[in-house]
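Asker: Sharing start-v3.txt (compact mmCIF, C-alpha atoms) below.
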```
# COMPACT_ATOMS: atom_id res chain seq x y z
CA MET P 1 -30.26 -19.60 -21.36
CA ALA P 2 -29.49 -16.76 -23.75
CA GLU P 3 -26.55 -17.25 -26.11
CA SER P 4 -25.18 -13.91 -25.06
CA ASP P 5 -25.24 -14.56 -21.26
CA GLN P 6 -22.09 -13.17 -19.72
CA VAL P 7 -21.21 -14.76 -16.39
CA THR P 8 -18.17 -13.70 -14.41
CA LEU P 9 -17.19 -14.79 -10.93
CA LEU P 10 -14.98 -12.60 -8.75
CA ASP P 11 -13.14 -15.39 -7.08
CA LEU P 12 -10.50 -16.52 -4.62
CA TRP P 13 -9.07 -20.01 -5.06
CA ALA P 14 -9.13 -20.83 -1.32
CA SER P 15 -12.55 -19.36 -0.50
CA PRO P 16 -15.19 -21.97 0.42
CA PHE P 17 -17.83 -19.33 -0.36
CA ALA P 18 -16.58 -18.92 -3.93
CA MET P 19 -16.47 -22.73 -4.25
CA ARG P 20 -20.20 -22.84 -3.50
CA VAL P 21 -20.89 -20.63 -6.51
CA LYS P 22 -18.58 -22.65 -8.77
CA ILE P 23 -20.32 -25.89 -7.80
CA ALA P 24 -23.75 -24.38 -8.45
CA LEU P 25 -22.71 -23.05 -11.87
CA ALA P 26 -21.14 -26.40 -12.75
CA GLU P 27 -24.27 -28.28 -11.67
CA LYS P 28 -26.24 -26.12 -14.08
CA GLY P 29 -23.66 -26.45 -16.86
CA ILE P 30 -23.11 -22.69 -17.00
CA GLU P 31 -19.86 -21.43 -18.44
CA PHE P 32 -18.28 -18.54 -16.62
CA GLU P 33 -15.12 -16.50 -16.43
CA SER P 34 -13.31 -16.67 -13.12
CA ARG P 35 -11.36 -13.60 -12.05
CA GLU P 36 -9.06 -14.17 -9.14
CA ASP P 37 -8.98 -11.22 -6.77
CA ASP P 38 -6.37 -10.26 -4.17
CA LEU P 39 -7.87 -9.37 -0.80
CA SER P 40 -4.78 -7.39 0.22
CA ASN P 41 -5.17 -5.28 -2.92
CA LYS P 42 -8.81 -5.38 -3.99
CA SER P 43 -9.51 -4.78 -7.64
CA PRO P 44 -11.51 -1.71 -8.78
CA LEU P 45 -14.01 -4.17 -10.26
CA LEU P 46 -14.61 -5.83 -6.89
CA LEU P 47 -15.00 -2.46 -5.17
CA GLU P 48 -17.43 -1.36 -7.86
CA MET P 49 -19.45 -4.59 -7.86
CA ASN P 50 -19.55 -5.06 -4.08
CA PRO P 51 -19.14 -1.58 -2.61
CA VAL P 52 -20.99 -2.51 0.58
CA LYS P 53 -18.97 -5.48 1.79
CA LYS P 54 -16.00 -5.45 -0.62
CA GLN P 55 -15.86 -9.25 -0.47
CA ILE P 56 -15.79 -12.18 -2.81
CA PRO P 57 -17.57 -14.07 -4.22
CA VAL P 58 -19.46 -11.76 -6.54
CA LEU P 59 -21.35 -13.18 -9.49
CA ILE P 60 -21.65 -10.70 -12.34
CA HIS P 61 -24.45 -11.73 -14.71
CA ASN P 62 -24.76 -9.56 -17.80
CA GLY P 63 -23.11 -6.72 -15.93
CA LYS P 64 -25.25 -6.96 -12.78
CA PRO P 65 -23.58 -8.03 -9.52
CA VAL P 66 -25.04 -10.55 -7.08
CA CYS P 67 -23.32 -10.84 -3.69
CA GLU P 68 -23.28 -13.25 -0.72
CA SER P 69 -22.64 -16.88 -1.61
CA LEU P 70 -25.95 -18.46 -0.53
CA ILE P 71 -27.90 -15.62 -2.13
CA ILE P 72 -25.88 -16.18 -5.33
CA VAL P 73 -26.63 -19.93 -5.25
CA GLN P 74 -30.37 -19.19 -4.90
CA TYR P 75 -30.11 -16.70 -7.76
CA ILE P 76 -28.42 -19.31 -9.96
CA ASP P 77 -31.16 -21.80 -9.07
CA GLU P 78 -33.89 -19.28 -9.97
CA VAL P 79 -32.35 -18.10 -13.25
CA TRP P 80 -31.18 -21.43 -14.69
CA THR P 81 -34.08 -23.79 -14.12
CA HIS P 82 -33.36 -26.18 -17.00
CA LYS P 83 -31.49 -28.73 -14.89
CA SER P 84 -30.23 -29.75 -11.45
CA PRO P 85 -32.63 -27.94 -9.13
CA LEU P 86 -30.69 -27.14 -5.96
CA LEU P 87 -33.67 -26.24 -3.78
CA PRO P 88 -36.62 -28.66 -3.59
CA ARG P 89 -40.10 -27.66 -4.81
CA ASP P 90 -41.97 -28.10 -1.55
CA PRO P 91 -41.91 -24.92 0.63
CA CYS P 92 -41.40 -26.89 3.85
CA GLN P 93 -38.40 -28.75 2.42
CA ARG P 94 -37.06 -25.48 1.01
CA ALA P 95 -37.31 -23.90 4.46
CA HIS P 96 -35.51 -26.92 5.89
CA ALA P 97 -32.69 -26.57 3.34
CA ARG P 98 -32.37 -22.82 3.96
CA PHE P 99 -32.25 -23.40 7.71
CA TRP P 100 -29.40 -25.90 7.50
CA ALA P 101 -27.42 -23.85 4.97
CA ASP P 102 -27.78 -20.89 7.34
CA TYR P 103 -26.63 -23.17 10.20
CA VAL P 104 -23.46 -23.99 8.24
CA ASP P 105 -22.85 -20.25 7.84
CA LYS P 106 -23.49 -19.46 11.48
CA LYS P 107 -21.48 -22.30 12.98
CA ILE P 108 -18.94 -24.07 10.76
CA CYS P 109 -17.07 -21.06 9.44
CA SER P 110 -16.55 -19.22 12.74
CA LEU P 111 -15.83 -22.37 14.76
CA GLY P 112 -13.46 -23.61 12.07
CA ARG P 113 -11.50 -20.37 12.29
CA MET P 114 -11.40 -20.67 16.07
CA VAL P 115 -9.98 -24.20 15.82
CA TRP P 116 -7.38 -22.93 13.33
CA SER P 117 -6.27 -20.29 15.82
CA ALA P 118 -6.35 -22.84 18.67
CA GLN P 119 -9.11 -21.22 20.71
CA GLU P 120 -10.27 -23.09 23.81
CA GLY P 121 -13.49 -25.06 23.50
CA ALA P 122 -13.93 -24.54 19.76
CA LYS P 123 -13.03 -28.09 18.72
CA LYS P 124 -15.65 -29.69 20.97
CA GLU P 125 -18.36 -27.36 19.71
CA LEU P 126 -17.32 -27.81 16.08
CA ILE P 127 -17.48 -31.60 16.34
CA GLU P 128 -20.95 -31.31 17.93
CA CYS P 129 -22.07 -29.18 14.98
CA PHE P 130 -20.70 -31.71 12.49
CA LYS P 131 -22.55 -34.50 14.35
CA LEU P 132 -25.78 -32.51 14.20
CA LEU P 133 -25.29 -32.18 10.45
CA GLU P 134 -24.72 -35.94 10.30
CA ASP P 135 -28.06 -36.46 12.05
CA GLU P 136 -29.68 -34.21 9.48
CA LEU P 137 -28.08 -36.18 6.63
CA GLY P 138 -29.25 -39.47 8.12
CA ASP P 139 -28.94 -42.28 5.62
CA LYS P 140 -29.58 -40.11 2.56
CA PRO P 141 -26.74 -40.06 0.02
CA TYR P 142 -26.88 -36.25 -0.05
CA PHE P 143 -28.58 -33.58 2.06
CA GLY P 144 -30.61 -32.92 -1.08
CA GLY P 145 -31.76 -36.57 -1.20
CA GLU P 146 -30.76 -38.50 -4.30
CA SER P 147 -28.86 -35.59 -5.78
CA LEU P 148 -26.82 -32.58 -4.65
CA GLY P 149 -28.91 -29.87 -3.05
CA PHE P 150 -28.58 -26.50 -1.44
CA VAL P 151 -27.12 -27.77 1.84
CA ASP P 152 -24.60 -30.00 0.04
CA VAL P 153 -23.42 -26.99 -1.97
CA ALA P 154 -23.24 -24.88 1.21
CA LEU P 155 -21.25 -27.44 3.20
CA VAL P 156 -19.02 -29.45 0.86
CA PRO P 157 -16.44 -26.66 0.29
CA PHE P 158 -15.55 -27.03 3.97
CA LEU P 159 -14.10 -30.44 3.05
CA THR P 160 -11.08 -28.32 2.12
CA TRP P 161 -10.80 -27.44 5.83
CA PHE P 162 -10.96 -31.03 7.18
CA SER P 163 -7.19 -31.77 7.18
CA MET P 164 -6.45 -28.36 8.67
CA LEU P 165 -9.07 -28.84 11.42
CA GLU P 166 -7.72 -32.30 12.24
CA HIS P 167 -4.17 -30.96 12.48
CA CYS P 168 -4.98 -27.85 14.48
CA GLY P 169 -7.61 -29.51 16.69
CA ASN P 170 -5.75 -32.79 17.08
CA PHE P 171 -8.62 -35.09 16.20
CA SER P 172 -9.69 -37.37 13.38
CA MET P 173 -12.71 -36.40 11.25
CA VAL P 174 -13.29 -39.98 10.13
CA GLU P 175 -13.34 -41.18 13.77
CA GLU P 176 -15.63 -38.39 14.99
CA CYS P 177 -17.85 -37.95 11.93
CA PRO P 178 -17.56 -40.98 9.65
CA THR P 179 -20.91 -40.35 7.94
CA LEU P 180 -19.93 -36.80 7.05
CA VAL P 181 -16.55 -37.87 5.70
CA ALA P 182 -18.24 -40.55 3.56
CA TRP P 183 -20.73 -37.95 2.32
CA ALA P 184 -17.89 -35.54 1.42
CA HIS P 185 -16.09 -38.24 -0.61
CA ARG P 186 -19.36 -39.11 -2.32
CA CYS P 187 -19.76 -35.44 -3.32
CA MET P 188 -16.20 -35.39 -4.65
CA GLU P 189 -17.14 -38.16 -7.10
CA LYS P 190 -19.31 -35.58 -8.83
CA GLU P 191 -17.45 -33.56 -11.44
CA SER P 192 -19.21 -30.33 -10.43
CA VAL P 193 -17.66 -30.64 -6.97
CA SER P 194 -14.24 -32.10 -7.82
CA LYS P 195 -13.52 -29.46 -10.46
CA SER P 196 -14.70 -26.63 -8.19
CA LEU P 197 -12.52 -27.48 -5.20
CA PRO P 198 -8.76 -26.89 -5.18
CA ASP P 199 -6.23 -29.66 -4.60
CA LEU P 200 -6.67 -30.67 -0.93
CA ASP P 201 -2.93 -30.90 -0.23
CA LYS P 202 -2.36 -27.47 -1.73
CA ILE P 203 -4.99 -25.84 0.47
CA PHE P 204 -3.74 -27.66 3.58
CA GLY P 205 -0.26 -26.27 2.87
CA TYR P 206 -1.74 -22.80 2.44
CA PHE P 207 -3.51 -22.95 5.82
CA MET P 208 -0.33 -24.13 7.54
CA GLU P 209 1.63 -21.23 5.98
CA LEU P 210 -1.03 -18.78 7.18
CA ARG P 211 -0.91 -20.31 10.65
CA LYS P 212 2.89 -19.97 10.82
CA LYS P 213 2.61 -16.29 9.91
CA HIS P 214 -0.21 -15.81 12.43
CA GLU P 215 1.85 -17.46 15.20
CA ALA P 216 4.92 -15.40 14.27
CA LYS P 217 2.91 -12.18 14.51
CA LYS P 218 1.46 -13.22 17.88
CA ASN P 219 4.88 -14.01 19.33
CA ALA P 220 6.58 -10.94 17.89
CA MET C 1 -58.38 -29.56 5.39
CA ALA C 2 -58.09 -26.25 7.21
CA ASP C 3 -54.57 -24.93 7.72
CA VAL C 4 -53.43 -24.88 11.33
CA VAL C 5 -50.87 -22.17 11.87
CA LYS C 6 -49.20 -21.38 15.18
CA VAL C 7 -46.57 -18.79 16.01
CA PHE C 8 -44.33 -19.12 19.04
CA ARG C 9 -43.18 -15.66 20.04
CA THR C 10 -42.44 -13.34 22.93
CA TRP C 11 -44.25 -10.03 23.50
CA SER C 12 -41.14 -8.07 22.48
CA SER C 13 -39.22 -10.11 19.91
CA PRO C 14 -38.70 -7.97 16.80
CA PHE C 15 -37.88 -11.13 14.82
CA ALA C 16 -41.25 -12.67 15.74
CA LEU C 17 -42.97 -9.43 14.66
CA ARG C 18 -41.70 -10.08 11.14
CA VAL C 19 -43.65 -13.33 11.08
CA ILE C 20 -46.80 -11.72 12.51
CA TRP C 21 -46.72 -8.90 9.94
CA ALA C 22 -46.23 -11.29 7.02
CA LEU C 23 -49.07 -13.58 8.11
CA GLN C 24 -51.45 -10.65 8.68
CA LEU C 25 -50.52 -8.99 5.39
CA LYS C 26 -51.43 -12.23 3.65
CA GLY C 27 -54.64 -12.67 5.62
CA VAL C 28 -53.49 -15.95 7.20
CA GLU C 29 -55.21 -16.95 10.43
CA TYR C 30 -52.93 -18.19 13.18
CA GLU C 31 -52.75 -18.88 16.88
CA THR C 32 -50.15 -17.13 19.03
CA ILE C 33 -48.26 -18.89 21.78
CA PHE C 34 -46.37 -16.46 24.00
CA GLU C 35 -43.16 -17.83 25.45
CA ASP C 36 -41.29 -16.83 28.57
CA ILE C 37 -37.62 -16.84 27.56
CA THR C 38 -36.54 -17.53 31.15
CA ASN C 39 -38.78 -20.61 31.24
CA LYS C 40 -39.10 -22.07 27.74
CA SER C 41 -41.94 -24.47 27.10
CA PRO C 42 -41.18 -28.13 26.30
CA LEU C 43 -43.02 -27.61 23.01
CA LEU C 44 -40.67 -24.79 21.94
CA LEU C 45 -37.64 -26.91 22.83
CA GLN C 46 -39.12 -29.77 20.85
CA TYR C 47 -39.79 -27.61 17.78
CA ASN C 48 -36.47 -25.73 17.93
CA PRO C 49 -33.89 -27.97 19.59
CA THR C 50 -31.02 -26.34 17.65
CA TYR C 51 -31.40 -22.75 18.83
CA LYS C 52 -34.21 -23.01 21.43
CA GLN C 53 -35.47 -19.59 20.29
CA VAL C 54 -38.52 -17.77 19.01
CA PRO C 55 -39.95 -17.21 16.51
CA VAL C 56 -41.13 -20.62 15.40
CA LEU C 57 -43.89 -21.02 12.85
CA VAL C 58 -45.69 -24.34 13.04
CA HIS C 59 -47.78 -25.12 9.97
CA ASN C 60 -49.91 -28.24 10.19
CA GLY C 61 -47.54 -29.60 12.82
CA LYS C 62 -44.31 -28.86 10.91
CA PRO C 63 -41.95 -26.31 12.48
CA ILE C 64 -40.19 -23.63 10.42
CA LEU C 65 -37.33 -21.78 12.10
CA GLU C 66 -35.32 -18.54 11.70
CA SER C 67 -37.35 -15.43 10.91
CA LEU C 68 -36.00 -14.74 7.40
CA VAL C 69 -36.42 -18.43 6.48
CA ILE C 70 -39.98 -18.25 7.87
CA LEU C 71 -40.68 -15.16 5.73
CA GLU C 72 -39.59 -17.03 2.58
CA TYR C 73 -41.80 -19.97 3.61
CA ILE C 74 -44.81 -17.72 4.18
CA GLU C 75 -44.20 -16.08 0.80
CA GLU C 76 -44.04 -19.45 -0.97
CA THR C 77 -47.03 -20.97 0.82
CA TRP C 78 -49.55 -18.11 0.76
CA LYS C 79 -49.53 -16.31 -2.57
CA GLU C 80 -51.70 -13.27 -1.71
CA ASN C 81 -49.93 -9.90 -1.46
CA PRO C 82 -46.50 -11.06 -2.65
CA LEU C 83 -43.65 -9.70 -0.54
CA LEU C 84 -40.75 -10.54 -2.85
CA PRO C 85 -40.33 -9.20 -6.40
CA GLU C 86 -40.64 -11.67 -9.26
CA ASP C 87 -37.37 -10.86 -10.98
CA PRO C 88 -34.49 -13.07 -9.68
CA TYR C 89 -32.01 -10.17 -9.64
CA GLU C 90 -34.32 -7.97 -7.59
CA ARG C 91 -35.02 -10.90 -5.27
CA ALA C 92 -31.27 -11.39 -4.77
CA THR C 93 -30.87 -7.67 -4.01
CA THR C 94 -33.75 -7.78 -1.50
CA ARG C 95 -32.25 -10.84 0.20
CA PHE C 96 -28.84 -9.15 0.32
CA TRP C 97 -30.16 -6.12 2.19
CA ALA C 98 -32.29 -8.23 4.55
CA LYS C 99 -29.17 -10.24 5.44
CA PHE C 100 -27.15 -7.03 5.71
CA GLY C 101 -29.64 -5.69 8.25
CA ASP C 102 -29.29 -8.81 10.39
CA ASP C 103 -25.51 -9.25 9.94
CA LYS C 104 -24.48 -5.60 10.27
CA LEU C 105 -27.14 -3.29 11.65
CA VAL C 106 -28.34 -5.52 14.51
CA PRO C 107 -24.85 -6.19 15.96
CA SER C 108 -23.73 -2.58 15.47
CA VAL C 109 -26.77 -1.27 17.35
CA ARG C 110 -26.30 -3.90 20.05
CA GLY C 111 -22.68 -2.76 20.24
CA VAL C 112 -23.79 0.73 21.29
CA LEU C 113 -26.79 -0.31 23.38
CA MET C 114 -24.80 -2.67 25.59
CA THR C 115 -21.61 -0.63 26.11
CA GLN C 116 -20.48 2.63 27.60
CA GLY C 117 -17.58 5.07 27.52
CA LYS C 118 -14.97 4.77 24.77
CA GLU C 119 -16.31 1.45 23.49
CA GLN C 120 -19.75 2.96 23.03
CA GLU C 121 -18.36 6.13 21.42
CA GLU C 122 -16.48 4.06 18.88
CA GLY C 123 -19.60 2.07 18.06
CA ILE C 124 -21.73 5.07 17.10
CA PRO C 125 -20.12 5.87 13.70
CA VAL C 126 -20.51 2.19 12.74
CA VAL C 127 -24.28 2.44 13.30
CA ILE C 128 -24.45 5.72 11.36
CA GLU C 129 -22.47 4.34 8.40
CA THR C 130 -24.63 1.21 8.30
CA LEU C 131 -27.83 3.29 8.40
CA LYS C 132 -26.50 5.50 5.58
CA LEU C 133 -26.05 2.44 3.34
CA ILE C 134 -29.59 1.36 4.13
CA GLU C 135 -30.96 4.89 3.55
CA GLU C 136 -29.59 4.81 -0.01
CA GLN C 137 -31.83 1.85 -0.80
CA LEU C 138 -34.87 4.09 -0.29
CA LYS C 139 -33.94 6.58 -3.05
CA GLY C 140 -37.03 7.31 -5.13
CA LYS C 141 -39.18 4.90 -3.11
CA LYS C 142 -41.82 5.20 -0.42
CA PHE C 143 -41.06 1.73 0.93
CA PHE C 144 -38.12 -0.61 0.31
CA GLY C 145 -40.68 -2.73 -1.57
CA GLY C 146 -41.73 0.22 -3.76
CA GLU C 147 -45.30 1.49 -3.45
CA THR C 148 -46.28 -1.13 -0.88
CA ILE C 149 -44.39 -2.82 1.91
CA GLY C 150 -42.37 -5.87 1.01
CA PHE C 151 -39.86 -8.36 2.33
CA LEU C 152 -37.17 -5.82 3.10
CA ASP C 153 -39.56 -3.44 4.87
CA ILE C 154 -40.56 -6.35 7.09
CA ALA C 155 -36.94 -7.42 7.66
CA LEU C 156 -35.88 -3.89 8.62
CA GLY C 157 -39.18 -2.96 10.24
CA TRP C 158 -37.85 -3.35 13.77
CA THR C 159 -35.91 -0.12 13.29
CA ALA C 160 -39.12 1.88 12.91
CA ASN C 161 -40.07 1.03 16.47
CA LEU C 162 -36.93 0.10 18.37
CA MET C 163 -34.41 2.74 17.25
CA CYS C 164 -36.22 5.44 19.20
CA VAL C 165 -36.46 3.10 22.20
CA PHE C 166 -32.68 2.57 22.04
CA GLU C 167 -32.19 6.32 21.65
CA GLU C 168 -34.13 6.87 24.86
CA VAL C 169 -32.23 4.14 26.73
CA THR C 170 -28.77 5.32 25.65
CA GLY C 171 -29.42 9.06 25.30
CA ILE C 172 -27.83 8.87 21.84
CA LYS C 173 -29.59 10.10 18.70
CA PHE C 174 -29.06 7.76 15.74
CA LEU C 175 -31.83 8.61 13.31
CA ASP C 176 -32.25 12.36 13.00
CA ALA C 177 -34.44 13.60 10.15
CA GLU C 178 -31.70 15.85 8.75
CA THR C 179 -29.12 13.09 8.28
CA PHE C 180 -31.69 10.47 7.37
CA PRO C 181 -34.60 12.14 5.57
CA LEU C 182 -35.56 9.01 3.64
CA LEU C 183 -35.42 6.64 6.60
CA SER C 184 -37.33 9.13 8.75
CA ALA C 185 -40.08 9.39 6.14
CA TRP C 186 -40.10 5.61 5.76
CA ILE C 187 -40.52 5.14 9.51
CA GLU C 188 -43.61 7.36 9.42
CA ASN C 189 -45.10 5.66 6.36
CA PHE C 190 -44.28 2.17 7.59
CA SER C 191 -45.66 2.77 11.07
CA ASP C 192 -48.84 4.11 9.50
CA VAL C 193 -49.70 0.79 7.82
CA SER C 194 -52.45 -0.72 9.96
CA VAL C 195 -50.92 -4.22 10.20
CA ILE C 196 -47.73 -2.61 11.51
CA LYS C 197 -49.39 -0.09 13.81
CA GLN C 198 -51.66 -2.58 15.55
CA ASN C 199 -48.83 -4.94 16.45
CA TRP C 200 -46.24 -2.63 18.03
CA PRO C 201 -45.41 -3.83 21.55
CA PRO C 202 -46.04 -1.20 24.28
CA ARG C 203 -43.26 1.41 24.12
CA ASP C 204 -42.85 2.04 27.84
CA LYS C 205 -42.51 -1.70 28.47
CA LEU C 206 -39.84 -1.90 25.74
CA VAL C 207 -37.88 0.99 27.29
CA LEU C 208 -37.92 -0.74 30.68
CA LYS C 209 -36.90 -4.05 29.16
CA PHE C 210 -33.94 -2.64 27.25
CA GLN C 211 -32.86 -0.45 30.16
CA ALA C 212 -32.72 -3.55 32.34
CA ALA C 213 -30.89 -5.54 29.63
CA ARG C 214 -28.34 -2.75 29.25
CA GLU C 215 -27.74 -2.49 32.99
CA LYS C 216 -27.33 -6.25 33.29
CA CYS C 217 -24.84 -6.32 30.40
CA LEU C 218 -22.78 -3.43 31.81
CA ALA C 219 -22.72 -5.06 35.26
CA GLU C 220 -21.52 -8.35 33.76
CA ALA C 221 -18.81 -6.57 31.79
CA ALA C 222 -17.63 -4.77 34.93
CA THR C 223 -17.08 -8.03 36.82
CA LYS C 224 -14.86 -9.52 34.05
```
Translate the structure described by the file into structure tokens.
Answerer:
Amino acid sequence: MAESDQVTLLDLWASPFAMRVKIALAEKGIEFESREDDLSNKSPLLLEMNPVKKQIPVLIHNGKPVCESLIIVQYIDEVWTHKSPLLPRDPCQRAHARFWADYVDKKICSLGRMVWSAQEGAKKELIECFKLLEDELGDKPYFGGESLGFVDVALVPFLTWFSMLEHCGNFSMVEECPTLVAWAHRCMEKESVSKSLPDLDKIFGYFMELRKKHEAKKNA
Amino acid sequence: MADVVKVFRTWSSPFALRVIWALQLKGVEYETIFEDITNKSPLLLQYNPTYKQVPVLVHNGKPILESLVILEYIEETWKENPLLPEDPYERATTRFWAKFGDDKLVPSVRGVLMTQGKEQEEGIPVVIETLKLIEEQLKGKKFFGGETIGFLDIALGWTANLMCVFEEVTGIKFLDAETFPLLSAWIENFSDVSVIKQNWPPRDKLVLKFQAAREKCLAEAATK
């Protein structure tokens, strides 16, 4: 890595997508500047660096922006190859990892939001998706095998949603998905994960505040 | 040991075409298994239990799923005629636009194809705006991949064939040469590549298929 590498992350403390990037950078030991953005008042820098989607996270590496969290994680893996490979070497295993990370994107995020807003049927489907991910994990310590991999990085930020999902969906994660909960705690023992995720109580409080406002708007 | 490569596809799936193009561009021999979506084979369900969809690439018995994931796999397994650039930043940019096509262009086009009246009218500017963003990526280039077709050309390639089919089905013009000179030129150049040309599904069959799909969707919406 060049001495003069400048790495900035356009960030949001509660975004699981930004957390993915922070974990990946931490795994690789890359120092970066985090710039918190405000989605209700997007910064000129964000609009310049991500004019197409105007969303965080954006990784700015030596002035060049990379957008979309899983694409950023792959970029990080391809640029900083000195340690902690996130994708395996074998093309078949890489395809497998990409498939499951994509599955997390397609299913967990949207279903999670639906559970938060108390939509019918979402909880059942979400739990089924978590169980499918448990099957994929099997008895490996991490999705990546003996160490954190691409799917772990893609999924573990959603640990910050677990308490909210339990509360809004009226179920217990540890009862429904004990293997996944154990996996999440195992990930949290890693510094790269624990320092990249916000305090779990703080984020639970934040979701409950948002929900109150959402309910108030609906009933107004 | 000789590679055994199979592709599960339907005659019309634009996502399966991506896989076919990539394999042919790399000179990989494969066997095609055509699926009937209304009556999926046990083998397809076994290989893709999660989504039960085509395309599926099966390489020496191992299934690879999701067309963009399959493209990356093909690129990493067969090194001839590379489809992705070498530079990580350019790779990230290519991946971004491929994902953008799937996340934004596909649903916006579907939003116009499967609706009518006010809802359809409101969907048209979304398609145009999305196409304009994509058009900009062609500035100074013959193909998205540069001088030769690459990953992004393959990912967006469905537009070169299906946009005019959708235009015929809906009676709406999306891609006129005046508004989209670069995309229009790209469609001609892309369609001229022999691997692309020889694999287009029959146009009249596509028109009938999407007309029927549109009618079915509108009928379902009317009963809600």
Asker: What does the distance between CA of Pro157 (chain P) and CA of Phe17 (chain P) come to in Å, to one decimal place?
Answerer: 7.5 Å
Asker: So what do you get for CA of Leu111 (chain P) versus CA of Leu126 (chain P), distance-wise?
Answerer: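 Distance reported for this atom pair: 5.8 Å.
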Asker: Counting all atoms listed in the file, which residue out of C:Glu119, C:Glu188, C:Glu129, C:Asp204 sits closest to chain P?
Answerer: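 The shortest atom-to-atom distance to chain P comes from C:Glu129.
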Asker: With only C-alpha atoms as the counted atoms, please give the residues lying no more than 12 Å from Lys139 (chain C), apart from itself and same-chain residues fewer than 6 positions off, as a PyMOL selection string.
Answerer: chain C and resi 132-133+145-146+180-183+185-186
Asker: For chain P, which residues have at least one atom within 8 Å of chain C, if we go by all atoms listed in the file? Write them as number ranges by chain, please.
Answerer: P: 52, 66-68, 71-72, 74-75, 78-79, 91-92, 94-96, 98-99
Asker: Show me as a list in words the residues that reach within 9 Å of (-43.9, -18.3, 22.3), counting all atoms listed in the file and using the file's own coordinates.
Answerer: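 Answer for this query, in the requested form: Val7, Phe8, Arg9, Thr10, Trp11, Thr32, Ile33, Phe34, Glu35, Asp36, Ile37, Lys40, Ser41, Leu44, Gln53, Val54, Pro55 and Val56 of chain C.
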Asker: Could N, CA and C atoms be built for region 66-77 of chain C and written out as a compact mmCIF listing (two decimals), in the frame of the given file?
Answerer:
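Contents of out20.txt, freshly written:
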```txt
# COMPACT_ATOMS: atom_id res chain seq x y z
N GLU C 66 -36.11 -19.68 12.18
CA GLU C 66 -35.32 -18.54 11.70
C GLU C 66 -36.20 -17.57 10.93
N SER C 67 -36.33 -16.36 11.43
CA SER C 67 -37.35 -15.43 10.91
C SER C 67 -37.27 -15.18 9.41
N LEU C 68 -36.08 -15.00 8.85
CA LEU C 68 -36.00 -14.74 7.40
C LEU C 68 -36.37 -15.99 6.60
N VAL C 69 -36.03 -17.17 7.13
CA VAL C 69 -36.42 -18.43 6.48
C VAL C 69 -37.95 -18.56 6.56
N ILE C 70 -38.52 -18.20 7.71
CA ILE C 70 -39.98 -18.25 7.87
C ILE C 70 -40.65 -17.31 6.86
N LEU C 71 -40.09 -16.11 6.68
CA LEU C 71 -40.68 -15.16 5.73
C LEU C 71 -40.72 -15.75 4.32
N GLU C 72 -39.63 -16.41 3.92
CA GLU C 72 -39.59 -17.03 2.58
C GLU C 72 -40.65 -18.13 2.50
N TYR C 73 -40.81 -18.89 3.58
CA TYR C 73 -41.80 -19.97 3.61
C TYR C 73 -43.21 -19.41 3.47
N ILE C 74 -43.49 -18.35 4.24
CA ILE C 74 -44.81 -17.72 4.18
C ILE C 74 -45.08 -17.23 2.76
N GLU C 75 -44.07 -16.61 2.16
CA GLU C 75 -44.20 -16.08 0.80
C GLU C 75 -44.51 -17.19 -0.20
N GLU C 76 -43.87 -18.35 -0.02
CA GLU C 76 -44.04 -19.45 -0.97
C GLU C 76 -45.33 -20.24 -0.74
N THR C 77 -45.85 -20.17 0.49
CA THR C 77 -47.03 -20.97 0.82
C THR C 77 -48.33 -20.22 0.57
```
